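> Supplied structure: query11.txt, compact mmCIF, C-alpha atoms and all ligand atoms.
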```txt
# COMPACT_ATOMS: atom_id res chain seq x y z
CA MET V 1 67.93 83.28 36.90
CA MET V 2 70.88 83.84 34.56
CA GLN V 3 73.68 85.81 36.26
CA LYS V 4 75.84 88.15 34.16
CA VAL V 5 79.42 87.98 35.38
CA THR V 6 82.43 90.25 34.94
CA VAL V 7 85.67 88.35 35.54
CA LEU V 8 88.48 90.69 36.58
CA GLY V 9 91.83 88.97 36.06
CA ALA V 10 90.30 86.38 33.71
CA THR V 11 93.67 85.09 32.44
CA GLY V 12 95.01 84.32 35.92
CA SER V 13 94.74 81.19 38.00
CA ILE V 14 91.49 82.22 39.73
CA GLY V 15 90.07 83.75 36.55
CA LEU V 16 90.58 80.55 34.54
CA ASN V 17 89.15 78.40 37.33
CA THR V 18 86.12 80.70 37.45
CA LEU V 19 85.57 80.27 33.72
CA ASP V 20 85.90 76.52 34.18
CA VAL V 21 83.01 76.56 36.67
CA ILE V 22 80.99 78.83 34.38
CA ARG V 23 81.67 76.38 31.52
CA ASP V 24 80.16 73.63 33.70
CA ASN V 25 77.01 75.68 34.40
CA PRO V 26 76.01 77.40 31.13
CA GLU V 27 72.35 77.58 32.14
CA ARG V 28 73.19 79.80 35.13
CA PHE V 29 75.90 82.22 33.98
CA SER V 30 76.80 84.38 31.02
CA VAL V 31 80.01 86.40 30.79
CA PHE V 32 79.61 90.17 30.51
CA ALA V 33 83.29 91.17 30.51
CA LEU V 34 86.73 89.62 30.77
CA THR V 35 89.85 91.56 31.75
CA ALA V 36 93.60 90.90 31.59
CA ASN V 37 96.91 92.72 31.70
CA THR V 38 99.54 91.12 29.45
CA GLN V 39 98.17 87.80 28.17
CA VAL V 40 96.40 89.11 25.10
CA LYS V 41 96.35 85.87 23.08
CA LEU V 42 94.83 83.95 25.97
CA LEU V 43 92.24 86.70 26.45
CA ALA V 44 91.33 86.49 22.75
CA LYS V 45 90.91 82.72 23.07
CA LEU V 46 88.63 83.18 26.09
CA CYS V 47 86.60 85.78 24.18
CA ALA V 48 86.11 83.27 21.35
CA GLU V 49 84.70 80.74 23.80
CA PHE V 50 82.69 82.91 26.23
CA LYS V 51 81.68 85.74 23.86
CA PRO V 52 81.66 88.55 26.43
CA GLU V 53 80.28 91.96 25.50
CA TYR V 54 83.55 93.61 26.58
CA ALA V 55 87.22 92.68 26.94
CA VAL V 56 89.51 95.03 28.86
CA VAL V 57 93.28 95.43 28.79
CA LEU V 58 95.42 98.16 30.30
CA VAL V 59 97.63 99.58 27.56
CA ASP V 60 96.98 100.73 23.97
CA SER V 61 99.38 98.28 22.34
CA ALA V 62 97.58 95.34 23.99
CA ALA V 63 94.20 96.76 22.95
CA ILE V 64 95.30 97.05 19.30
CA GLN V 65 96.63 93.50 19.29
CA LEU V 66 93.46 92.17 20.95
CA GLN V 67 91.24 94.05 18.51
CA SER V 68 92.96 92.51 15.51
CA LEU V 69 92.83 89.00 17.03
CA LEU V 70 89.08 89.36 17.67
CA LYS V 71 88.44 90.85 14.23
CA ALA V 72 90.18 87.92 12.57
CA GLN V 73 87.62 85.64 14.26
CA ASN V 74 84.64 87.91 13.50
CA LEU V 75 83.92 88.37 17.20
CA LYS V 76 81.64 91.18 18.34
CA THR V 77 83.34 91.68 21.73
CA VAL V 78 84.18 95.36 22.21
CA VAL V 79 87.75 96.06 23.36
CA LEU V 80 88.22 98.68 26.07
CA CYS V 81 91.48 99.95 27.51
CA GLY V 82 92.73 101.44 30.78
CA GLU V 83 91.94 101.50 34.48
CA GLN V 84 88.67 103.40 34.05
CA ALA V 85 87.48 100.67 31.68
CA LEU V 86 87.99 98.09 34.47
CA ILE V 87 85.66 100.17 36.60
CA ASP V 88 83.13 100.64 33.78
CA VAL V 89 82.74 96.89 33.21
CA VAL V 90 82.20 96.41 36.94
CA GLU V 91 79.66 99.21 37.39
CA ASP V 92 77.59 98.51 34.27
CA GLN V 93 73.94 98.07 35.21
CA ASN V 94 73.79 94.76 33.32
CA VAL V 95 76.37 93.18 35.62
CA ASP V 96 75.11 91.07 38.55
CA THR V 97 78.31 89.46 39.76
CA VAL V 98 81.97 90.48 39.79
CA MET V 99 84.75 87.95 40.28
CA ALA V 100 87.52 90.11 41.78
CA ALA V 101 90.64 88.18 40.76
CA ILE V 102 93.20 90.81 39.77
CA VAL V 103 96.40 90.19 41.70
CA GLY V 104 97.73 92.82 44.08
CA ALA V 105 96.92 96.44 44.84
CA ALA V 106 95.81 96.97 41.21
CA GLY V 107 92.59 95.18 42.17
CA LEU V 108 91.61 97.73 44.79
CA ARG V 109 89.79 100.38 42.74
CA PRO V 110 87.71 97.93 40.68
CA CYS V 111 86.72 96.08 43.89
CA LEU V 112 85.67 99.31 45.47
CA ALA V 113 83.67 100.20 42.36
CA ALA V 114 81.87 96.85 42.67
CA ALA V 115 81.04 97.66 46.30
CA LYS V 116 79.84 101.18 45.47
CA SER V 117 77.57 99.90 42.70
CA GLY V 118 76.02 97.28 45.01
CA LYS V 119 77.17 94.20 43.09
CA ARG V 120 77.55 90.65 44.23
CA ILE V 121 81.33 90.51 44.76
CA LEU V 122 83.21 87.22 44.78
CA LEU V 123 86.39 88.31 46.49
CA ALA V 124 89.66 86.60 45.60
CA ASN V 125 91.71 89.81 45.66
CA LYS V 126 92.64 89.68 49.35
CA GLU V 127 94.61 92.91 49.01
CA SER V 128 91.34 94.89 48.98
CA LEU V 129 90.66 93.83 52.55
CA VAL V 130 94.28 93.92 53.67
CA MET V 131 94.78 97.47 52.43
CA SER V 132 91.40 99.01 53.02
CA GLY V 133 89.41 96.61 55.16
CA GLN V 134 87.46 99.26 57.06
CA LEU V 135 86.75 101.50 54.07
CA PHE V 136 85.93 98.66 51.69
CA LEU V 137 83.54 96.92 54.10
CA GLN V 138 81.81 100.21 54.84
CA GLU V 139 81.14 100.68 51.10
CA VAL V 140 79.82 97.12 50.87
CA LYS V 141 77.42 97.77 53.76
CA ASP V 142 76.38 101.27 52.66
CA ASN V 143 75.51 100.11 49.16
CA GLN V 144 73.91 96.75 50.04
CA ALA V 145 76.51 94.90 48.00
CA THR V 146 77.00 91.18 48.68
CA LEU V 147 80.49 90.03 49.56
CA LEU V 148 81.39 86.35 49.34
CA PRO V 149 84.90 85.10 50.18
CA VAL V 150 86.65 83.04 47.49
CA ASP V 151 89.92 82.53 49.31
CA SER V 152 89.67 78.85 50.26
CA GLU V 153 90.25 79.42 53.99
CA HIS V 154 87.69 82.22 54.34
CA ASN V 155 85.27 80.34 52.18
CA ALA V 156 85.77 77.32 54.47
CA ILE V 157 85.19 79.43 57.58
CA PHE V 158 82.09 80.94 55.98
CA GLN V 159 80.75 77.47 55.13
CA SER V 160 81.44 76.28 58.70
CA LEU V 161 79.40 79.10 60.24
CA PRO V 162 75.62 78.83 60.83
CA LEU V 163 73.25 79.59 57.93
CA ASP V 164 71.56 82.38 59.91
CA TYR V 165 74.92 84.06 60.26
CA GLN V 166 75.85 83.57 56.58
CA SER V 167 72.73 85.30 55.30
CA ASN V 168 73.71 88.65 56.82
CA TYR V 169 77.20 88.07 58.11
CA LEU V 170 78.67 91.54 57.78
CA GLN V 171 76.05 92.91 60.16
CA GLN V 172 76.35 90.16 62.78
CA LYS V 173 78.82 88.93 65.39
CA VAL V 174 80.09 85.35 65.31
CA GLU V 175 80.12 85.36 69.13
CA ASP V 176 76.30 85.65 69.04
CA PHE V 177 76.17 82.30 67.22
CA GLY V 178 78.09 80.28 69.82
CA VAL V 179 81.42 80.53 68.01
CA SER V 180 84.47 80.52 70.28
CA GLN V 181 87.36 80.49 67.80
CA ILE V 182 88.27 80.49 64.13
CA VAL V 183 91.04 78.09 63.09
CA LEU V 184 92.88 79.18 59.97
CA THR V 185 94.83 76.33 58.40
CA GLY V 186 97.78 76.55 56.02
CA SER V 187 100.02 74.00 54.34
CA GLY V 188 103.30 75.57 55.50
CA GLY V 189 104.44 75.75 51.85
CA PRO V 190 107.27 73.91 50.09
CA PHE V 191 109.93 74.77 52.73
CA ARG V 192 108.07 73.52 55.79
CA THR V 193 110.81 71.06 56.70
CA THR V 194 113.82 72.69 54.98
CA PRO V 195 116.65 73.39 57.47
CA LEU V 196 116.49 77.12 58.30
CA GLU V 197 120.10 77.72 57.18
CA LEU V 198 119.25 76.52 53.65
CA LEU V 199 116.29 78.88 53.13
CA SER V 200 118.34 81.81 51.83
CA ALA V 201 119.55 79.75 48.84
CA LYS V 202 116.06 78.74 47.66
CA SER V 203 115.19 79.80 44.09
CA ALA V 204 111.99 81.35 42.76
CA ASP V 205 111.04 78.12 40.98
CA GLU V 206 111.51 76.12 44.17
CA ALA V 207 109.39 78.63 46.11
CA CYS V 208 106.66 78.46 43.46
CA ALA V 209 106.49 74.65 43.52
CA HIS V 210 103.66 74.47 46.04
CA PRO V 211 103.11 70.94 47.35
CA ASN V 212 99.29 71.01 47.04
CA TRP V 213 97.91 74.08 45.28
CA ASP V 214 98.47 75.25 41.71
CA MET V 215 98.47 79.08 41.95
CA GLY V 216 99.94 82.28 40.49
CA ARG V 217 103.66 82.94 41.23
CA LYS V 218 103.17 85.84 43.64
CA ILE V 219 100.76 83.98 45.93
CA SER V 220 102.93 80.84 45.69
CA VAL V 221 105.92 82.74 47.10
CA ASP V 222 103.62 84.18 49.77
CA SER V 223 102.65 80.63 50.69
CA ALA V 224 106.29 79.67 51.04
CA THR V 225 106.98 82.61 53.40
CA MET V 226 103.51 82.25 55.00
CA MET V 227 102.87 85.91 54.23
CA ASN V 228 99.83 84.50 52.48
CA LYS V 229 98.58 83.21 55.86
CA GLY V 230 99.43 86.58 57.35
CA LEU V 231 97.35 88.38 54.72
CA GLU V 232 94.57 85.84 55.27
CA PHE V 233 94.75 86.44 59.00
CA ILE V 234 94.14 90.16 58.40
CA GLU V 235 91.42 89.33 55.86
CA ALA V 236 89.67 87.04 58.38
CA CYS V 237 89.78 89.67 61.15
CA TYR V 238 88.00 92.14 58.85
CA LEU V 239 85.56 89.74 57.18
CA PHE V 240 84.33 88.08 60.35
CA SER V 241 84.77 91.18 62.50
CA VAL V 242 86.95 89.49 65.13
CA THR V 243 90.05 90.43 67.09
CA PRO V 244 93.40 88.65 66.47
CA ASP V 245 93.10 86.52 69.63
CA PHE V 246 89.94 84.96 68.14
CA ILE V 247 91.99 83.34 65.36
CA ASP V 248 94.32 80.38 65.74
CA VAL V 249 96.70 79.53 62.87
CA LEU V 250 97.61 75.87 62.35
CA ILE V 251 99.85 74.17 59.83
CA HIS V 252 98.03 71.30 58.14
CA PRO V 253 100.36 70.09 55.35
CA GLN V 254 97.75 67.92 53.58
CA SER V 255 95.52 70.95 52.76
CA VAL V 256 92.33 68.88 53.00
CA ILE V 257 90.79 70.78 55.93
CA HIS V 258 90.59 74.30 54.52
CA SER V 259 89.78 75.90 57.88
CA MET V 260 87.57 75.30 60.92
CA VAL V 261 85.29 76.93 63.45
CA ARG V 262 85.20 76.04 67.15
CA TYR V 263 81.93 76.39 69.09
CA ILE V 264 81.36 76.96 72.82
CA ASP V 265 79.95 73.45 73.28
CA GLY V 266 83.25 71.88 72.19
CA SER V 267 82.17 71.15 68.60
CA VAL V 268 84.57 71.86 65.75
CA VAL V 269 83.08 72.29 62.27
CA ALA V 270 85.50 72.00 59.35
CA GLN V 271 85.13 72.38 55.61
CA MET V 272 87.11 69.78 53.65
CA GLY V 273 87.77 68.93 50.06
CA GLN V 274 90.40 68.61 47.38
CA PRO V 275 92.86 71.51 47.25
CA ASP V 276 91.18 72.92 44.13
CA MET V 277 89.96 76.52 43.91
CA ARG V 278 87.02 75.52 41.72
CA THR V 279 85.20 74.35 44.88
CA PRO V 280 85.16 77.72 46.73
CA ILE V 281 84.59 79.50 43.40
CA ALA V 282 81.56 77.29 42.67
CA HIS V 283 80.32 77.86 46.22
CA THR V 284 80.40 81.65 45.81
CA LEU V 285 79.04 81.64 42.26
CA GLY V 286 76.08 79.46 43.25
CA PHE V 287 75.47 80.70 46.82
CA PRO V 288 73.07 79.95 48.47
CA ASP V 289 72.60 77.05 46.01
CA ARG V 290 75.19 74.35 45.41
CA ILE V 291 76.30 74.09 41.80
CA LYS V 292 78.52 71.67 39.88
CA SER V 293 82.26 71.99 39.56
CA SER V 294 84.51 69.39 37.98
CA VAL V 295 86.18 68.69 41.33
CA SER V 296 85.78 65.14 42.59
CA ALA V 297 84.85 64.55 46.23
CA TYR V 298 87.76 63.84 48.59
CA ASP V 299 88.33 60.12 49.03
CA PHE V 300 89.22 59.46 52.70
CA THR V 301 90.34 55.90 51.97
CA GLN V 302 93.02 57.12 49.54
CA GLY V 303 94.39 60.12 51.48
CA GLY V 304 97.06 59.84 54.18
CA ASP V 305 96.91 60.95 57.81
CA PHE V 306 95.97 64.49 58.76
CA THR V 307 98.61 66.29 60.81
CA PHE V 308 98.67 69.68 62.53
CA ASN V 309 101.26 71.84 64.23
CA ALA V 310 101.79 75.45 65.21
CA PRO V 311 103.81 77.69 62.85
CA CYS V 312 107.28 78.63 64.11
CA GLU V 313 108.19 82.34 64.14
CA GLN V 314 111.78 81.77 63.00
CA ARG V 315 110.65 79.96 59.87
CA TYR V 316 107.69 82.20 59.12
CA PRO V 317 108.48 85.73 60.37
CA ASN V 318 106.05 87.23 57.81
CA LEU V 319 103.07 85.66 59.56
CA TYR V 320 104.01 87.41 62.79
CA LEU V 321 104.67 90.70 60.98
CA ALA V 322 101.15 90.54 59.57
CA LYS V 323 99.67 90.11 63.05
CA GLN V 324 101.76 93.04 64.27
CA ALA V 325 100.61 95.19 61.34
CA PHE V 326 96.94 94.37 61.94
CA ASN V 327 97.26 95.56 65.53
CA LEU V 328 98.73 98.84 64.25
CA GLY V 329 95.84 99.47 61.78
CA GLN V 330 94.98 99.47 58.07
CA GLU V 331 97.75 101.97 57.25
CA SER V 332 100.35 99.44 58.48
CA THR V 333 98.71 96.49 56.73
CA THR V 334 98.84 98.58 53.52
CA THR V 335 102.54 99.21 54.07
CA LEU V 336 103.27 95.57 54.75
CA ASN V 337 101.35 94.46 51.68
CA ALA V 338 103.15 97.00 49.47
CA ALA V 339 106.60 96.17 50.82
CA ASN V 340 105.88 92.48 50.34
CA GLU V 341 104.68 92.92 46.73
CA VAL V 342 107.88 94.78 45.83
CA ALA V 343 110.09 92.32 47.72
CA VAL V 344 108.42 89.25 46.18
CA ASP V 345 108.76 90.77 42.72
CA ALA V 346 112.49 91.37 43.35
CA PHE V 347 112.83 87.78 44.56
CA LEU V 348 111.03 86.41 41.49
CA GLN V 349 113.44 88.42 39.32
CA GLY V 350 116.41 86.92 41.17
CA LYS V 351 117.50 90.26 42.69
CA ILE V 352 117.16 89.28 46.36
CA ALA V 353 117.26 86.04 48.36
CA PHE V 354 114.17 84.27 49.72
CA THR V 355 114.95 85.29 53.31
CA ASP V 356 115.43 88.94 52.31
CA ILE V 357 111.67 89.21 51.69
CA ALA V 358 110.83 89.08 55.40
CA SER V 359 113.73 91.30 56.47
CA LEU V 360 112.74 93.98 53.94
CA ASN V 361 109.12 93.79 55.08
CA ALA V 362 110.16 94.19 58.74
CA ASP V 363 112.50 97.09 57.97
CA VAL V 364 109.93 99.00 55.90
CA LEU V 365 107.24 98.49 58.55
CA ALA V 366 109.59 99.77 61.26
CA ALA V 367 110.97 102.73 59.24
CA ILE V 368 107.83 104.31 57.85
CA THR V 369 105.76 106.95 59.64
CA LEU V 370 102.11 106.80 58.69
CA ALA V 371 99.34 109.37 58.83
CA LYS V 372 95.76 108.16 59.39
CA ALA V 373 94.03 107.15 56.14
CA HIS V 374 90.54 108.57 55.60
CA SER V 375 90.03 107.65 51.96
CA ILE V 376 91.18 105.27 49.26
CA ASP V 377 93.43 108.03 47.92
CA ASP V 378 95.14 108.16 51.34
CA ILE V 379 95.55 104.37 51.24
CA LEU V 380 97.00 104.48 47.75
CA ALA V 381 99.41 107.27 48.81
CA ILE V 382 100.64 105.05 51.68
CA ASP V 383 100.92 102.16 49.24
CA ASN V 384 103.06 104.31 46.89
CA GLU V 385 105.30 105.63 49.62
CA SER V 386 105.85 102.12 51.01
CA ARG V 387 106.72 100.77 47.57
CA SER V 388 109.26 103.57 46.98
CA LEU V 389 110.89 102.95 50.35
CA THR V 390 111.14 99.20 49.69
CA GLN V 391 112.51 99.82 46.22
CA SER V 392 115.15 102.22 47.54
CA LEU V 393 116.21 99.73 50.25
CA ILE V 394 116.61 97.07 47.56
CA SER V 395 118.68 99.40 45.36
CA LYS V 396 120.94 100.35 48.29
CA ARG V 397 121.44 96.85 49.67
CA TYR V 398 121.53 94.44 46.73
P1 LIG O 401 97.54 85.42 38.71
O1 LIG O 401 98.85 86.09 38.74
O2 LIG O 401 97.46 84.01 38.25
O3 LIG O 401 96.51 86.28 37.80
C1 LIG O 401 96.35 87.65 38.00
C2 LIG O 401 95.35 88.24 37.01
O4 LIG O 401 95.36 89.68 37.18
C3 LIG O 401 95.71 87.99 35.55
O5 LIG O 401 94.53 87.96 34.80
C4 LIG O 401 96.54 89.23 35.20
O6 LIG O 401 96.54 89.50 33.80
C5 LIG O 401 95.78 90.31 35.94
N1 LIG O 401 96.61 91.45 36.30
C6 LIG O 401 97.89 91.43 36.74
N2 LIG O 401 98.32 92.68 37.00
C7 LIG O 401 97.29 93.50 36.70
C8 LIG O 401 97.13 94.92 36.73
N3 LIG O 401 98.11 95.73 37.13
N4 LIG O 401 95.94 95.43 36.36
C9 LIG O 401 94.93 94.62 35.94
N5 LIG O 401 95.04 93.27 35.87
C10 LIG O 401 96.20 92.72 36.25
O7 LIG O 401 96.94 85.57 40.17
P2 LIG O 401 95.97 84.57 40.95
O8 LIG O 401 94.82 84.20 40.08
O9 LIG O 401 96.78 83.51 41.59
O10 LIG O 401 95.46 85.50 42.13
C11 LIG O 401 94.49 86.51 41.93
C12 LIG O 401 94.04 87.02 43.29
O11 LIG O 401 93.40 85.95 43.98
C13 LIG O 401 95.20 87.46 44.20
O12 LIG O 401 94.79 88.53 44.97
C14 LIG O 401 95.45 86.23 45.08
O13 LIG O 401 95.98 86.58 46.33
C15 LIG O 401 94.03 85.71 45.22
N6 LIG O 401 93.93 84.29 45.49
C16 LIG O 401 94.47 83.38 44.62
C17 LIG O 401 94.38 82.02 44.89
C18 LIG O 401 94.89 81.01 43.91
O14 LIG O 401 94.70 79.81 44.13
N7 LIG O 401 95.54 81.40 42.84
C19 LIG O 401 93.75 81.53 46.11
C20 LIG O 401 93.15 82.57 46.90
C21 LIG O 401 93.26 83.90 46.61
P3 LIG O 401 97.67 88.80 32.83
O15 LIG O 401 97.48 87.33 32.99
O16 LIG O 401 97.29 89.28 31.48
O17 LIG O 401 98.99 89.29 33.30
```
Reformat the file's structure so that it appears as structure tokens.


Amino acid sequence: MMQKVTVLGATGSIGLNTLDVIRDNPERFSVFALTANTQVKLLAKLCAEFKPEYAVVLVDSAAIQLQSLLKAQNLKTVVLCGEQALIDVVEDQNVDTVMAAIVGAAGLRPCLAAAKSGKRILLANKESLVMSGQLFLQEVKDNQATLLPVDSEHNAIFQSLPLDYQSNYLQQKVEDFGVSQIVLTGSGGPFRTTPLELLSAKSADEACAHPNWDMGRKISVDSATMMNKGLEFIEACYLFSVTPDFIDVLIHPQSVIHSMVRYIDGSVVAQMGQPDMRTPIAHTLGFPDRIKSSVSAYDFTQGGDFTFNAPCEQRYPNLYLAKQAFNLGQESTTTLNAANEVAVDAFLQGKIAFTDIASLNADVLAAITLAKAHSIDDILAIDNESRSLTQSLISKRY
């Protein structure tokens, strides 16, 4: 059956890869809505190709520009504007599937709307789980939504777990399926072998030059600091309902094994492939079927050796901060995520050094006092407060 898809964050790295997979499978998918923030010309181009019913941007000036670009091409796509419009194109009864690929905390409310309206959610926006794991998953369960992980590591773990578990995984325990450990792999980023004393001088462009993956700038910096692995660690604890000691993190610089699952009989099941997000995207779009993507199969005769080692705390303090925050609860993971978003943005703008990101994150986490969050509004209030504190530390120090 034809699935109608809303792509949130259509102009981003995940959004464009999603549209690439949809382009390869026109008999299975049609696009209901596309959304973007600033890249209006690119959004207009995507509208011309995919002919969605709606296109959403956030501010009036972008909406006016988009409208005139679409009119010039005689396109019938209706332009909507603002945060409520993001929610409307998720909740619409004609929508089957939502690709949640807005970057950062801005993706939280639309993801939650997708959960509340019982959609099939393809989750790239890891912040939804990091900030509101308990609340978000409860909404998914209460409203019989389907949640499929797009993040390559979680998608790999999901694929390495038994089919019986996959079919109803949010209601089941991995331990009941003979699983003894989840192994989360990460490349270690572009500074894996850089002498520690040189890290503070690394530029934004150097941090964004990921050795294997082609991603947005924010997540690329997070890969270099391994905050990305930290956020994924939190995401994995929530998604697979496991405690931190159930997850082992390993550096695997070749990024061919995307993660693994250990079983009690000594077996290890791994998911492998090219480091190309179109594979996990195609897996979630087609699930439980396999569908085409333009990614070629990994050629073992051409690749080099596979290596593994444990991440070192001195090089990757953010990974350890994330573990600490998870143990403190979703309020602390919200704070860490917010502090990190502000710090990474300051780094990308050249205001702070690469190594300042982790020290700011640690200082904000230690300084803030958090009340228990009972709702998304509470979470967003913590997010705001944490951002202000990080911003004020940056203004004072740099
Ligand atoms: P990008 O920065 O490439 O794209 C982000 C998208 O979100 C763009 O469409 C952007 O619009 C839109 N956007 C940005 N800010 C807002 C806002 N305030 N409100 C609404 N829309 C906004 O990010 P990625 O595609 O790299 O990442 C998206 C999500 O997927 C992140 O959560 C990331 O952690 C996760 N992820 C990404 C992976 C990757 O390989 N890239 C891998 C696994 C997970 P515009 O372009 O117009 O600015």

> As an exercise, work out the distance from atom O17 of ligand LIG 401 (chain O) to CA of Ile102 in chain V in Å and give it to one decimal place.

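Rounded to one decimal, the two atoms are 8.8 Å apart.
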
> Considering all atoms listed in the file, return as a ChimeraX atom specification whatever protein or nucleic-acid residues lie within 12 Å of range 36-40 of chain V, sequence-local ones (same chain, fewer than 2 positions apart) excluded.

/V:6-13,15-16,33-34,42-47,54-70,79-83,85-86,100-103,106-107

> Can you list, as a PDB file with C-alpha atoms, in the frame of the given file, every protein, DNA or RNA residue that comes within 12 Å of Val221 in chain V when you count all atoms listed in the file, leaving out same-chain residues fewer than 6 positions away?


```
ATOM      1  CA  GLY V 188     103.300  75.570  55.500  1.00  0.00           C
ATOM      2  CA  GLY V 189     104.440  75.750  51.850  1.00  0.00           C
ATOM      3  CA  PRO V 190     107.270  73.910  50.090  1.00  0.00           C
ATOM      4  CA  PHE V 191     109.930  74.770  52.730  1.00  0.00           C
ATOM      5  CA  LYS V 202     116.060  78.740  47.660  1.00  0.00           C
ATOM      6  CA  SER V 203     115.190  79.800  44.090  1.00  0.00           C
ATOM      7  CA  ALA V 204     111.990  81.350  42.760  1.00  0.00           C
ATOM      8  CA  ASP V 205     111.040  78.120  40.980  1.00  0.00           C
ATOM      9  CA  GLU V 206     111.510  76.120  44.170  1.00  0.00           C
ATOM     10  CA  ALA V 207     109.390  78.630  46.110  1.00  0.00           C
ATOM     11  CA  CYS V 208     106.660  78.460  43.460  1.00  0.00           C
ATOM     12  CA  ALA V 209     106.490  74.650  43.520  1.00  0.00           C
ATOM     13  CA  HIS V 210     103.660  74.470  46.040  1.00  0.00           C
ATOM     14  CA  TRP V 213      97.910  74.080  45.280  1.00  0.00           C
ATOM     15  CA  ASP V 214      98.470  75.250  41.710  1.00  0.00           C
ATOM     16  CA  MET V 215      98.470  79.080  41.950  1.00  0.00           C
ATOM     17  CA  MET V 227     102.870  85.910  54.230  1.00  0.00           C
ATOM     18  CA  ASN V 228      99.830  84.500  52.480  1.00  0.00           C
ATOM     19  CA  LYS V 229      98.580  83.210  55.860  1.00  0.00           C
ATOM     20  CA  ASN V 318     106.050  87.230  57.810  1.00  0.00           C
ATOM     21  CA  ASN V 340     105.880  92.480  50.340  1.00  0.00           C
ATOM     22  CA  GLU V 341     104.680  92.920  46.730  1.00  0.00           C
ATOM     23  CA  ALA V 343     110.090  92.320  47.720  1.00  0.00           C
ATOM     24  CA  VAL V 344     108.420  89.250  46.180  1.00  0.00           C
ATOM     25  CA  ASP V 345     108.760  90.770  42.720  1.00  0.00           C
ATOM     26  CA  ALA V 346     112.490  91.370  43.350  1.00  0.00           C
ATOM     27  CA  PHE V 347     112.830  87.780  44.560  1.00  0.00           C
ATOM     28  CA  LEU V 348     111.030  86.410  41.490  1.00  0.00           C
ATOM     29  CA  ALA V 353     117.260  86.040  48.360  1.00  0.00           C
ATOM     30  CA  PHE V 354     114.170  84.270  49.720  1.00  0.00           C
ATOM     31  CA  THR V 355     114.950  85.290  53.310  1.00  0.00           C
ATOM     32  CA  ILE V 357     111.670  89.210  51.690  1.00  0.00           C
ATOM     33  CA  ALA V 358     110.830  89.080  55.400  1.00  0.00           C
TER      34      ALA V 358
END
```

> Go ahead and fit an axis-aligned box to every listed atom of range 120-127 of chain V plus 8 Å each side, and pass me the centre and edge lengths in Å, one decimal, as JSON.


```
{"center_x": 86.1, "center_y": 89.8, "center_z": 46.8, "size_x": 33.1, "size_y": 22.3, "size_z": 21.1}
```

> Pick out the closest residue to Met226 in chain V from this set: V:Phe136, V:Phe29, V:Phe326, V:Tyr316. Count only C-alpha atoms.

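Using only C-alpha atoms, the shortest distance to Met226 in chain V belongs to V:Tyr316.
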
> Give me, as a ChimeraX atom specification, all polymer residues having an atom no more than 10 Å from range 242-250 of chain V, counting all atoms listed in the file and skipping those fewer than 6 positions away in the same chain.

/V:173-175,179-188,229-230,233-234,236,259-261,307-311,319,323-324,326-327

> Report the distance between atom N5 of ligand LIG 401 (chain O) and CA of Leu239 in chain V in Å, rounded to one decimal place.

23.6 Å

> Could I get range 106-113 of chain V rebuilt with N, CA, C and O atoms, written as a short mmCIF file (atom, residue, chain, number, x, y, z; two decimals), in the frame of the given file?


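Here's the written file rebuild26.cif:
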```
data_model
loop_
_atom_site.label_atom_id
_atom_site.label_comp_id
_atom_site.auth_asym_id
_atom_site.auth_seq_id
_atom_site.Cartn_x
_atom_site.Cartn_y
_atom_site.Cartn_z
N ALA V 106 96.51 96.53 42.43
CA ALA V 106 95.81 96.97 41.21
C ALA V 106 94.34 96.59 41.26
O ALA V 106 93.52 97.18 40.56
N GLY V 107 93.98 95.62 42.10
CA GLY V 107 92.59 95.18 42.17
C GLY V 107 91.72 96.05 43.06
O GLY V 107 90.50 95.89 43.08
N LEU V 108 92.34 96.97 43.76
CA LEU V 108 91.61 97.73 44.79
C LEU V 108 90.49 98.60 44.23
O LEU V 108 89.34 98.51 44.68
N ARG V 109 90.82 99.46 43.25
CA ARG V 109 89.79 100.38 42.74
C ARG V 109 88.61 99.65 42.09
O ARG V 109 87.46 99.98 42.38
N PRO V 110 88.86 98.65 41.24
CA PRO V 110 87.71 97.93 40.68
C PRO V 110 86.86 97.23 41.75
O PRO V 110 85.63 97.21 41.66
N CYS V 111 87.49 96.73 42.80
CA CYS V 111 86.72 96.08 43.89
C CYS V 111 85.84 97.11 44.58
O CYS V 111 84.68 96.84 44.89
N LEU V 112 86.42 98.25 44.80
CA LEU V 112 85.67 99.31 45.47
C LEU V 112 84.50 99.77 44.60
O LEU V 112 83.41 100.04 45.09
N ALA V 113 84.75 99.82 43.29
CA ALA V 113 83.67 100.20 42.36
C ALA V 113 82.54 99.17 42.43
O ALA V 113 81.35 99.53 42.39
#
```
